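Asks: Structure incoming, see below.
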Amino acid sequence: MLIANQGITVQKYGGSSLSSPEKICRVARKIAGLRSTGRPVVVVVSATGNTTSELVGRAKRVSSTPSRRELDMLLSSGERVSMALLAMAIQEEGREAISLTGPQSGIVTDSTHANATIREVRPDRVLRELDAGRVVIVAGYQGASPEGEVTTLGRGGSDTTAVALAGALEAEVCEIYSDVDGVYTADPRNVENVRHLSRVDSAVMTEYARRGAGVLHAPCLDLARREGIAVRAGATFGGDARTWISCGAELEYTGLDEGGSPRIAGVASRGRCIRVHATRGGARSRGAIVEALRRHNVVPESLRPDDDRVDVLIGTEEAPDAEGLLADIRRRLDGVAVVSDSLASVSVVASKHGDRDELADRVDDVLRRVGADTFSRHDRPLSITRSVAAEQRLPAILALHEALVESHAAVLAAR
Ligand code: ASP
Ligand code: MG
């Protein structure tokens, strides 16, 4: 292979950047411009606009419990539409381009339909196409199991396709483009005075995404951390703001003087969680819970093999077949566990290992002050999480952000 190690650029474009023919053509011009500098380019695409959700809706209209295998066949088609349209638009710009599905690109996953994990990437075909001078467009969010079955990687999974390919192609950076210009201290749709992050460590960002940052697919960050790939998240059209995510990066808020080092990466939240709380049964019920979660690839990292006490919280976004998971858990754990699916979660994600107990106390103080009852506590080295009633979610997010991010940022800025 001639091309390997020649600084391959890997980019990923989200569905909102490809939601009209005009946008597809704009992205194609951007890629053609980059290609004209001589760089080999691989582009991963999501399904356009709301395609994936619309396809889920169509499945639900013909079946109340669609099979996960057939859902994968259906949903993987969304990214195929994008890849072919983008390849055509790049060809229209006078550049050679070819689109490839996940399986054609050598993305090998486990066999967990609807929430598969990438096991391996065999990039030979992609490298051959790059060698032939083509821009390679890859359908994100999908792969094939060792049995040759089409699988999907969970909602938002195209990010993970991009990072996995960047790793296999030995790219140092994976560029992720969407309609937002990176990562903020909270979701800007919920909170007014958010801070933009210019830099964040990949372990911290993994934690932030897992707790519900709402940007970037958590497994993609975990993979980037393990493979030592930097992720650059920015807006597709306009705006120079970017968030750099890399191993060991000191947290930086955009616009704050150097030297002020923020303690909180952000306030994250998940709108609907499944909580499984074993009330008795010890190791046996624990085994049954782990087995049910494993079948859906959602075993929380906090669940240790030697831990008898099980109290886990899983965001329904992590489990694309949340209803199936719930039914599974309820069937297996009748009488030994309390299972609920109506709670929300709020989390504060710390920038590094600090005094977790102190942070937990502050979080509890703030929640008490806004009258948000806490149902369960789930603390990790980098995050403090509380489950709360759905209607308390927004007031809790706002109060936590104000107390822990805005006031601290004001102190740093005044220095
Ligand atoms: N199209 C899939 C989804 O909407 C995957 C992705 O966009 O990354 O979840
Ligand atoms: Mg996404």
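Residues are referred to by chain and number: the chain letter is A, B, ... according to the order shown in the structure tokens, the number counts from 1 in that chain, and ligands are numbered separately from 1 in the order shown.
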Taking the DSSP assignment computed from this structure's backbone, write out as a PyMOL selection string all residues of segment 17-195 of chain A that belong to strand (DSSP E).

Replies: chain A and resi 41-45+97-100+107-109+118-121+135-139+142-144+150-152+173-178

Asks: To check your reading of the model: which residues sit at most 8 Å from ligand 2 when counting only C-alpha atoms and all ligand atoms? Write the answer as number ranges by chain.

Replies: A: 14-15, 46, 155-159, 178, 215-217

Asks: Hey, which bits of chain A sit within 10 Å of ligand 1, and for each residue what's the closest pair of atoms and how far apart in Å (one decimal), counting only C-alpha atoms and all ligand atoms, rows by chain and increasing number, as a Markdown table?

Replies:
```
| residue | atom | partner | partner_atom_place_in_ligand_line | distance |
| --- | --- | --- | --- | --- |
| A:Lys12 | CA | ligand 1 | 8 (O) | 9.4 |
| A:Tyr13 | CA | ligand 1 | 7 (O) | 9.0 |
| A:Gly14 | CA | ligand 1 | 7 (O) | 6.1 |
| A:Gly15 | CA | ligand 1 | 7 (O) | 6.0 |
| A:Ser16 | CA | ligand 1 | 7 (O) | 9.1 |
| A:Val44 | CA | ligand 1 | 8 (O) | 9.6 |
| A:Val45 | CA | ligand 1 | 8 (O) | 7.9 |
| A:Ser46 | CA | ligand 1 | 7 (O) | 4.5 |
| A:Ala47 | CA | ligand 1 | 1 (N) | 4.5 |
| A:Thr48 | CA | ligand 1 | 1 (N) | 7.5 |
| A:Gly49 | CA | ligand 1 | 4 (O) | 8.2 |
| A:Asn50 | CA | ligand 1 | 4 (O) | 7.0 |
| A:Thr51 | CA | ligand 1 | 1 (N) | 7.1 |
| A:Thr52 | CA | ligand 1 | 4 (O) | 4.9 |
| A:Ser53 | CA | ligand 1 | 4 (O) | 6.6 |
| A:Glu54 | CA | ligand 1 | 4 (O) | 9.6 |
| A:Leu55 | CA | ligand 1 | 4 (O) | 9.9 |
| A:Val56 | CA | ligand 1 | 4 (O) | 9.9 |
| A:Leu75 | CA | ligand 1 | 1 (N) | 7.5 |
| A:Ser76 | CA | ligand 1 | 1 (N) | 7.9 |
| A:Ser77 | CA | ligand 1 | 1 (N) | 9.3 |
| A:Gly78 | CA | ligand 1 | 1 (N) | 6.6 |
| A:Glu79 | CA | ligand 1 | 1 (N) | 6.4 |
| A:Ser82 | CA | ligand 1 | 1 (N) | 9.9 |
| A:Ala139 | CA | ligand 1 | 1 (N) | 9.5 |
| A:Gly140 | CA | ligand 1 | 8 (O) | 6.6 |
| A:Tyr141 | CA | ligand 1 | 5 (C) | 5.1 |
| A:Gln142 | CA | ligand 1 | 5 (C) | 8.5 |
| A:Thr152 | CA | ligand 1 | 5 (C) | 8.3 |
| A:Leu153 | CA | ligand 1 | 5 (C) | 7.7 |
| A:Gly154 | CA | ligand 1 | 9 (O) | 6.5 |
| A:Arg155 | CA | ligand 1 | 9 (O) | 3.3 |
| A:Gly156 | CA | ligand 1 | 8 (O) | 3.3 |
| A:Gly157 | CA | ligand 1 | 8 (O) | 4.2 |
| A:Ser158 | CA | ligand 1 | 8 (O) | 3.7 |
| A:Asp159 | CA | ligand 1 | 8 (O) | 5.8 |
| A:Thr160 | CA | ligand 1 | 8 (O) | 8.0 |
| A:Thr161 | CA | ligand 1 | 8 (O) | 8.6 |
| A:Ala162 | CA | ligand 1 | 8 (O) | 9.8 |
| A:Leu216 | CA | ligand 1 | 8 (O) | 8.6 |
| A:His217 | CA | ligand 1 | 8 (O) | 7.6 |
| A:Glu317 | CA | ligand 1 | 9 (O) | 9.5 |
| A:Pro320 | CA | ligand 1 | 9 (O) | 9.1 |
```

Asks: Just C-alpha atoms for this one: save the residues we selected as a short mmCIF file (atom, residue, chain, number, x, y, z; two decimals), in the first residue's frame.

Replies:
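File produced: result_4.cif:
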```
data_model
loop_
_atom_site.label_atom_id
_atom_site.label_comp_id
_atom_site.auth_asym_id
_atom_site.auth_seq_id
_atom_site.Cartn_x
_atom_site.Cartn_y
_atom_site.Cartn_z
CA LYS A 12 -17.36 12.78 9.77
CA TYR A 13 -20.45 14.79 8.83
CA GLY A 14 -23.65 14.61 10.87
CA GLY A 15 -27.11 14.22 9.42
CA SER A 16 -28.10 17.88 9.83
CA VAL A 44 -17.91 9.07 7.27
CA VAL A 45 -21.55 10.12 6.96
CA SER A 46 -24.71 9.87 9.08
CA ALA A 47 -28.20 9.46 7.71
CA THR A 48 -29.65 12.75 6.47
CA GLY A 49 -31.77 14.87 8.82
CA ASN A 50 -34.30 12.77 10.76
CA THR A 51 -34.10 9.73 8.52
CA THR A 52 -33.18 7.26 11.27
CA SER A 53 -36.00 8.35 13.58
CA GLU A 54 -38.46 8.29 10.68
CA LEU A 55 -37.40 4.75 9.83
CA VAL A 56 -37.90 3.71 13.47
CA LEU A 75 -31.84 1.62 9.81
CA SER A 76 -28.52 0.93 8.09
CA SER A 77 -30.14 2.05 4.85
CA GLY A 78 -30.25 5.69 6.06
CA GLU A 79 -26.47 6.11 5.96
CA SER A 82 -26.18 9.80 2.40
CA ALA A 139 -21.66 4.81 5.70
CA GLY A 140 -21.42 5.34 9.46
CA TYR A 141 -23.26 3.53 12.25
CA GLN A 142 -23.01 0.04 10.77
CA THR A 152 -25.79 -1.05 13.83
CA LEU A 153 -23.79 0.65 16.56
CA GLY A 154 -26.49 2.40 18.60
CA ARG A 155 -27.96 5.87 18.08
CA GLY A 156 -25.24 8.38 17.25
CA GLY A 157 -22.90 5.57 16.23
CA SER A 158 -21.43 7.22 13.13
CA ASP A 159 -18.99 9.10 15.34
CA THR A 160 -17.64 5.75 16.45
CA THR A 161 -17.26 4.53 12.86
CA ALA A 162 -15.14 7.62 12.16
CA LEU A 216 -20.61 12.84 20.48
CA HIS A 217 -21.25 9.11 20.86
CA GLU A 317 -30.30 6.39 24.67
CA PRO A 320 -31.62 1.49 21.47
#
```

Asks: Just want the 9 Å neighbourhood of Glu120 of chain A, counted on only C-alpha atoms, with same-chain residues fewer than 4 positions away dropped. Output as number ranges by chain.

Replies: A: 106-109, 164, 168

Asks: Would you mind exporting all heavy atoms of the selected residues as a short mmCIF file (atom, residue, chain, number, x, y, z; two decimals), in the first residue's frame?

Replies:
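For reference, again.cif as written:
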```cif
data_model
loop_
_atom_site.label_atom_id
_atom_site.label_comp_id
_atom_site.auth_asym_id
_atom_site.auth_seq_id
_atom_site.Cartn_x
_atom_site.Cartn_y
_atom_site.Cartn_z
N GLY A 106 -14.94 -2.88 5.93
CA GLY A 106 -14.21 -3.76 6.84
C GLY A 106 -14.50 -3.52 8.31
O GLY A 106 -13.68 -3.84 9.17
N ILE A 107 -15.67 -2.97 8.61
CA ILE A 107 -16.05 -2.76 10.02
C ILE A 107 -16.67 -4.06 10.55
O ILE A 107 -17.77 -4.43 10.15
CB ILE A 107 -17.09 -1.62 10.17
CG1 ILE A 107 -16.66 -0.35 9.43
CG2 ILE A 107 -17.41 -1.37 11.65
CD1 ILE A 107 -15.68 0.51 10.11
N VAL A 108 -15.93 -4.73 11.41
CA VAL A 108 -16.41 -6.00 11.98
C VAL A 108 -16.86 -5.74 13.41
O VAL A 108 -16.13 -5.16 14.21
CB VAL A 108 -15.28 -7.06 11.98
CG1 VAL A 108 -15.81 -8.39 12.52
CG2 VAL A 108 -14.70 -7.22 10.59
N THR A 109 -18.08 -6.17 13.70
CA THR A 109 -18.64 -5.92 15.04
C THR A 109 -18.94 -7.25 15.75
O THR A 109 -18.81 -8.32 15.14
CB THR A 109 -19.98 -5.15 14.94
OG1 THR A 109 -20.97 -6.02 14.38
CG2 THR A 109 -19.84 -3.90 14.08
N ALA A 164 -13.02 4.77 14.72
CA ALA A 164 -12.47 3.43 14.46
C ALA A 164 -11.67 3.42 13.16
O ALA A 164 -10.58 2.85 13.08
CB ALA A 164 -13.60 2.41 14.41
N ALA A 168 -7.66 2.70 12.47
CA ALA A 168 -7.16 1.67 11.55
C ALA A 168 -6.29 2.28 10.45
O ALA A 168 -5.38 1.64 9.92
CB ALA A 168 -8.34 0.93 10.93
#
```

Asks: Env of Gly33 of chain A: 12 Å cut, atoms = only C-alpha atoms, seq-sep filter 4 positions within chain, self excluded. Answer as a PyMOL selection string.

Replies: chain A and resi 26-29+37-41+90+93-95+135

Asks: Tell me which of A:Arg295, A:Arg134, A:Arg380, A:Arg331 sits closest to Arg211 of chain A, counting only C-alpha atoms.

Replies: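 Ranking A:Arg295, A:Arg134, A:Arg380, A:Arg331 by distance to Arg211 of chain A, first place goes to A:Arg380.
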
Asks: Find, counting only C-alpha atoms, the residue in A:Gly371, A:Gly248, A:Gly167, A:Gly238 that gets nearest to Val10 of chain A.

Replies: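 Comparing A:Gly371, A:Gly248, A:Gly167, A:Gly238 against Val10 of chain A, the winner is A:Gly167.
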
Asks: Find the residues near segment 279-294 of chain A: any atom within 10 Å, counting only C-alpha atoms, skip ones fewer than 5 places away on the same chain, and give them as JSON, numbers by chain.

Replies: {"A": [112, 299, 300, 303, 304, 305, 306, 307, 308, 309, 310, 311, 312, 314, 319, 325, 326, 327, 328, 329, 330, 331, 332, 333, 334, 335, 336, 337, 338]}

Asks: For the residues in the current selection, export N, CA, C and O atoms as an mmCIF file, in the first residue's frame.

Replies:
```cif
data_model
loop_
_atom_site.group_PDB
_atom_site.id
_atom_site.type_symbol
_atom_site.label_atom_id
_atom_site.label_comp_id
_atom_site.auth_asym_id
_atom_site.auth_seq_id
_atom_site.Cartn_x
_atom_site.Cartn_y
_atom_site.Cartn_z
ATOM 1 N N THR A 112 -24.371 -8.191 18.530
ATOM 2 C CA THR A 112 -25.482 -7.567 19.258
ATOM 3 C C THR A 112 -26.236 -6.609 18.347
ATOM 4 O O THR A 112 -25.836 -5.460 18.172
ATOM 5 N N VAL A 299 -23.781 -3.011 29.898
ATOM 6 C CA VAL A 299 -23.328 -3.253 31.268
ATOM 7 C C VAL A 299 -22.581 -2.011 31.752
ATOM 8 O O VAL A 299 -21.568 -1.627 31.162
ATOM 9 N N PRO A 300 -23.053 -1.337 32.796
ATOM 10 C CA PRO A 300 -22.368 -0.118 33.236
ATOM 11 C C PRO A 300 -20.979 -0.433 33.810
ATOM 12 O O PRO A 300 -20.809 -1.477 34.434
ATOM 13 N N LEU A 303 -20.539 -1.486 37.449
ATOM 14 C CA LEU A 303 -20.989 -2.775 37.968
ATOM 15 C C LEU A 303 -19.809 -3.734 38.076
ATOM 16 O O LEU A 303 -19.355 -4.285 37.089
ATOM 17 N N ARG A 304 -19.301 -3.900 39.270
ATOM 18 C CA ARG A 304 -18.107 -4.728 39.456
ATOM 19 C C ARG A 304 -18.503 -6.177 39.734
ATOM 20 O O ARG A 304 -19.523 -6.430 40.376
ATOM 21 N N PRO A 305 -17.659 -7.124 39.255
ATOM 22 C CA PRO A 305 -18.004 -8.537 39.414
ATOM 23 C C PRO A 305 -18.180 -8.941 40.877
ATOM 24 O O PRO A 305 -18.958 -9.821 41.200
ATOM 25 N N ASP A 306 -17.467 -8.272 41.801
ATOM 26 C CA ASP A 306 -17.506 -8.707 43.198
ATOM 27 C C ASP A 306 -18.526 -7.906 44.024
ATOM 28 O O ASP A 306 -18.624 -8.054 45.227
ATOM 29 N N ASP A 307 -19.286 -7.063 43.336
ATOM 30 C CA ASP A 307 -20.199 -6.181 44.038
ATOM 31 C C ASP A 307 -21.547 -6.872 44.229
ATOM 32 O O ASP A 307 -22.189 -7.252 43.268
ATOM 33 N N ASP A 308 -21.970 -7.052 45.440
ATOM 34 C CA ASP A 308 -23.248 -7.717 45.667
ATOM 35 C C ASP A 308 -24.437 -6.773 45.541
ATOM 36 O O ASP A 308 -25.532 -7.166 45.223
ATOM 37 N N ARG A 309 -24.151 -5.503 45.796
ATOM 38 C CA ARG A 309 -25.229 -4.530 45.824
ATOM 39 C C ARG A 309 -25.379 -3.955 44.412
ATOM 40 O O ARG A 309 -24.449 -3.363 43.890
ATOM 41 N N VAL A 310 -26.512 -4.150 43.814
ATOM 42 C CA VAL A 310 -26.689 -3.652 42.451
ATOM 43 C C VAL A 310 -27.678 -2.498 42.444
ATOM 44 O O VAL A 310 -28.804 -2.624 42.906
ATOM 45 N N ASP A 311 -27.230 -1.358 41.986
ATOM 46 C CA ASP A 311 -28.130 -0.223 41.806
ATOM 47 C C ASP A 311 -27.595 0.548 40.598
ATOM 48 O O ASP A 311 -26.674 1.333 40.724
ATOM 49 N N VAL A 312 -28.145 0.262 39.437
ATOM 50 C CA VAL A 312 -27.585 0.862 38.224
ATOM 51 C C VAL A 312 -28.615 1.731 37.514
ATOM 52 O O VAL A 312 -29.829 1.542 37.636
ATOM 53 N N ILE A 314 -29.305 3.360 33.687
ATOM 54 C CA ILE A 314 -28.898 3.288 32.276
ATOM 55 C C ILE A 314 -29.763 4.252 31.475
ATOM 56 O O ILE A 314 -30.994 4.168 31.520
ATOM 57 N N ALA A 319 -29.417 2.355 25.225
ATOM 58 C CA ALA A 319 -30.030 1.069 24.909
ATOM 59 C C ALA A 319 -31.061 1.297 23.819
ATOM 60 O O ALA A 319 -32.222 1.609 24.105
ATOM 61 N N LEU A 325 -35.197 -4.253 26.556
ATOM 62 C CA LEU A 325 -34.333 -4.410 27.731
ATOM 63 C C LEU A 325 -35.181 -4.431 29.005
ATOM 64 O O LEU A 325 -35.004 -5.280 29.879
ATOM 65 N N LEU A 326 -36.122 -3.490 29.077
ATOM 66 C CA LEU A 326 -36.996 -3.419 30.251
ATOM 67 C C LEU A 326 -37.768 -4.720 30.435
ATOM 68 O O LEU A 326 -37.837 -5.264 31.537
ATOM 69 N N ALA A 327 -38.336 -5.216 29.336
ATOM 70 C CA ALA A 327 -39.126 -6.445 29.411
ATOM 71 C C ALA A 327 -38.239 -7.594 29.889
ATOM 72 O O ALA A 327 -38.631 -8.393 30.755
ATOM 73 N N ASP A 328 -37.025 -7.655 29.361
ATOM 74 C CA ASP A 328 -36.056 -8.695 29.717
ATOM 75 C C ASP A 328 -35.742 -8.668 31.211
ATOM 76 O O ASP A 328 -35.786 -9.694 31.884
ATOM 77 N N ILE A 329 -35.430 -7.458 31.698
ATOM 78 C CA ILE A 329 -35.056 -7.327 33.111
ATOM 79 C C ILE A 329 -36.239 -7.685 34.001
ATOM 80 O O ILE A 329 -36.109 -8.411 34.976
ATOM 81 N N ARG A 330 -37.413 -7.198 33.635
ATOM 82 C CA ARG A 330 -38.591 -7.460 34.478
ATOM 83 C C ARG A 330 -38.896 -8.953 34.534
ATOM 84 O O ARG A 330 -39.244 -9.486 35.584
ATOM 85 N N ARG A 331 -38.744 -9.610 33.396
ATOM 86 C CA ARG A 331 -39.027 -11.047 33.358
ATOM 87 C C ARG A 331 -38.069 -11.822 34.263
ATOM 88 O O ARG A 331 -38.458 -12.673 35.031
ATOM 89 N N ARG A 332 -36.785 -11.463 34.174
ATOM 90 C CA ARG A 332 -35.783 -12.211 34.923
ATOM 91 C C ARG A 332 -35.753 -11.878 36.409
ATOM 92 O O ARG A 332 -35.274 -12.665 37.202
ATOM 93 N N LEU A 333 -36.197 -10.670 36.757
ATOM 94 C CA LEU A 333 -35.946 -10.210 38.121
ATOM 95 C C LEU A 333 -37.181 -10.008 38.948
ATOM 96 O O LEU A 333 -37.141 -9.367 39.991
ATOM 97 N N ASP A 334 -38.252 -10.611 38.488
ATOM 98 C CA ASP A 334 -39.506 -10.447 39.206
ATOM 99 C C ASP A 334 -39.310 -10.770 40.693
ATOM 100 O O ASP A 334 -38.880 -11.843 41.047
ATOM 101 N N GLY A 335 -39.574 -9.806 41.549
ATOM 102 C CA GLY A 335 -39.524 -10.065 42.984
ATOM 103 C C GLY A 335 -38.187 -9.774 43.664
ATOM 104 O O GLY A 335 -38.139 -9.645 44.869
ATOM 105 N N VAL A 336 -37.111 -9.687 42.898
ATOM 106 C CA VAL A 336 -35.825 -9.443 43.572
ATOM 107 C C VAL A 336 -35.236 -8.075 43.252
ATOM 108 O O VAL A 336 -34.212 -7.695 43.802
ATOM 109 N N ALA A 337 -35.877 -7.346 42.349
ATOM 110 C CA ALA A 337 -35.333 -6.030 42.017
ATOM 111 C C ALA A 337 -36.449 -5.042 41.748
ATOM 112 O O ALA A 337 -37.541 -5.422 41.314
ATOM 113 N N VAL A 338 -36.166 -3.790 42.030
ATOM 114 C CA VAL A 338 -37.099 -2.733 41.677
ATOM 115 C C VAL A 338 -36.609 -2.150 40.359
ATOM 116 O O VAL A 338 -35.450 -1.769 40.232
#
```

Asks: Would you pick out the contacts of Arg125 of chain A at 7 Å or less, using only C-alpha atoms, so that residues sharing its chain but fewer than 3 positions from it are not included, and give the list as an mmCIF file with C-alpha atoms, in the first residue's frame?

Replies:
```
data_model
loop_
_atom_site.group_PDB
_atom_site.id
_atom_site.type_symbol
_atom_site.label_atom_id
_atom_site.label_comp_id
_atom_site.auth_asym_id
_atom_site.auth_seq_id
_atom_site.Cartn_x
_atom_site.Cartn_y
_atom_site.Cartn_z
ATOM 1 C CA SER A 105 -15.256 -0.829 4.651
ATOM 2 C CA ARG A 128 -7.057 0.367 -2.157
ATOM 3 C CA GLU A 129 -9.578 3.045 -3.091
#
```

Asks: Please build the interface table for segment 201-314 of chain A against segment 179-197 of chain A with a cut-off of 6 Å, listing for each qualifying residue the nearest atom pair and the distance in Å to one decimal; count only C-alpha atoms, order rows by chain and increasing number, and write it as CSV.

Replies:
```
residue,atom,partner,partner_atom,distance
A:Ala233,CA,A:Gly182,CA,4.8
A:Gly234,CA,A:Asp181,CA,4.1
A:Ala235,CA,A:Asp181,CA,4.2
A:Ala241,CA,A:Asp181,CA,5.7
A:Arg242,CA,A:Gly182,CA,5.4
A:Thr243,CA,A:Gly182,CA,4.9
A:Glu252,CA,A:Leu197,CA,5.8
A:Tyr253,CA,A:Leu197,CA,4.5
A:Thr254,CA,A:His196,CA,5.4
A:Ala265,CA,A:Thr185,CA,5.9
A:Gly266,CA,A:Thr185,CA,4.0
A:Val267,CA,A:Ala186,CA,5.2
```

Asks: Give me the residues within 8 Å of Ala344 of chain A as a PyMOL selection string, counting only C-alpha atoms and dropping any in the same chain fewer than 4 places off.

Replies: chain A and resi 269-273+387-390+393

Asks: Let me see the file: selected residues, N, CA and C atoms, as a short mmCIF file (atom, residue, chain, number, x, y, z; two decimals), in the first residue's frame.

Replies:
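The new file part_21.cif reads:
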```
data_model
loop_
_atom_site.label_atom_id
_atom_site.label_comp_id
_atom_site.auth_asym_id
_atom_site.auth_seq_id
_atom_site.Cartn_x
_atom_site.Cartn_y
_atom_site.Cartn_z
N SER A 269 -27.03 15.43 31.50
CA SER A 269 -28.31 14.92 31.97
C SER A 269 -28.91 13.95 30.96
N ARG A 270 -29.63 12.97 31.50
CA ARG A 270 -30.35 12.04 30.63
C ARG A 270 -31.83 12.09 30.98
N GLY A 271 -32.64 12.26 29.95
CA GLY A 271 -34.06 12.52 30.16
C GLY A 271 -34.84 11.33 30.67
N ARG A 272 -34.43 10.14 30.28
CA ARG A 272 -35.16 8.97 30.74
C ARG A 272 -34.15 7.85 31.01
N CYS A 273 -34.19 7.33 32.21
CA CYS A 273 -33.25 6.28 32.60
C CYS A 273 -33.99 5.05 33.09
N SER A 387 -30.20 10.47 40.46
CA SER A 387 -31.44 10.31 39.70
C SER A 387 -32.50 11.18 40.36
N VAL A 388 -33.27 11.83 39.51
CA VAL A 388 -34.30 12.76 40.00
C VAL A 388 -35.58 12.53 39.19
N ALA A 389 -36.70 13.06 39.70
CA ALA A 389 -37.94 12.95 38.94
C ALA A 389 -37.82 13.77 37.66
N ALA A 390 -38.48 13.32 36.59
CA ALA A 390 -38.33 13.97 35.29
C ALA A 390 -38.61 15.47 35.36
N ARG A 393 -35.76 17.76 36.49
CA ARG A 393 -34.52 17.70 35.73
C ARG A 393 -34.01 19.08 35.33
#
```

Asks: By how many Å are atom CA of Ser17 of chain A and atom CA of Asp222 of chain A apart?

Replies: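 Going from atom CA of Ser17 of chain A over to atom CA of Asp222 of chain A covers 24.5 Å.
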
Asks: Write down as number ranges by chain the residues of segment 115-310 of chain A whose backbone DSSP state falls under helix (DSSP H, G or I).

Replies: A: 124-131, 158-168, 202-210, 218-227, 282-295

Asks: Between atom CA of Val298 of chain A and atom CA of Asp201 of chain A, what distance in Å does the model show, to one decimal?

Replies: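 Answer for the atom CA of Val298 of chain A to atom CA of Asp201 of chain A separation: 23.6 Å.
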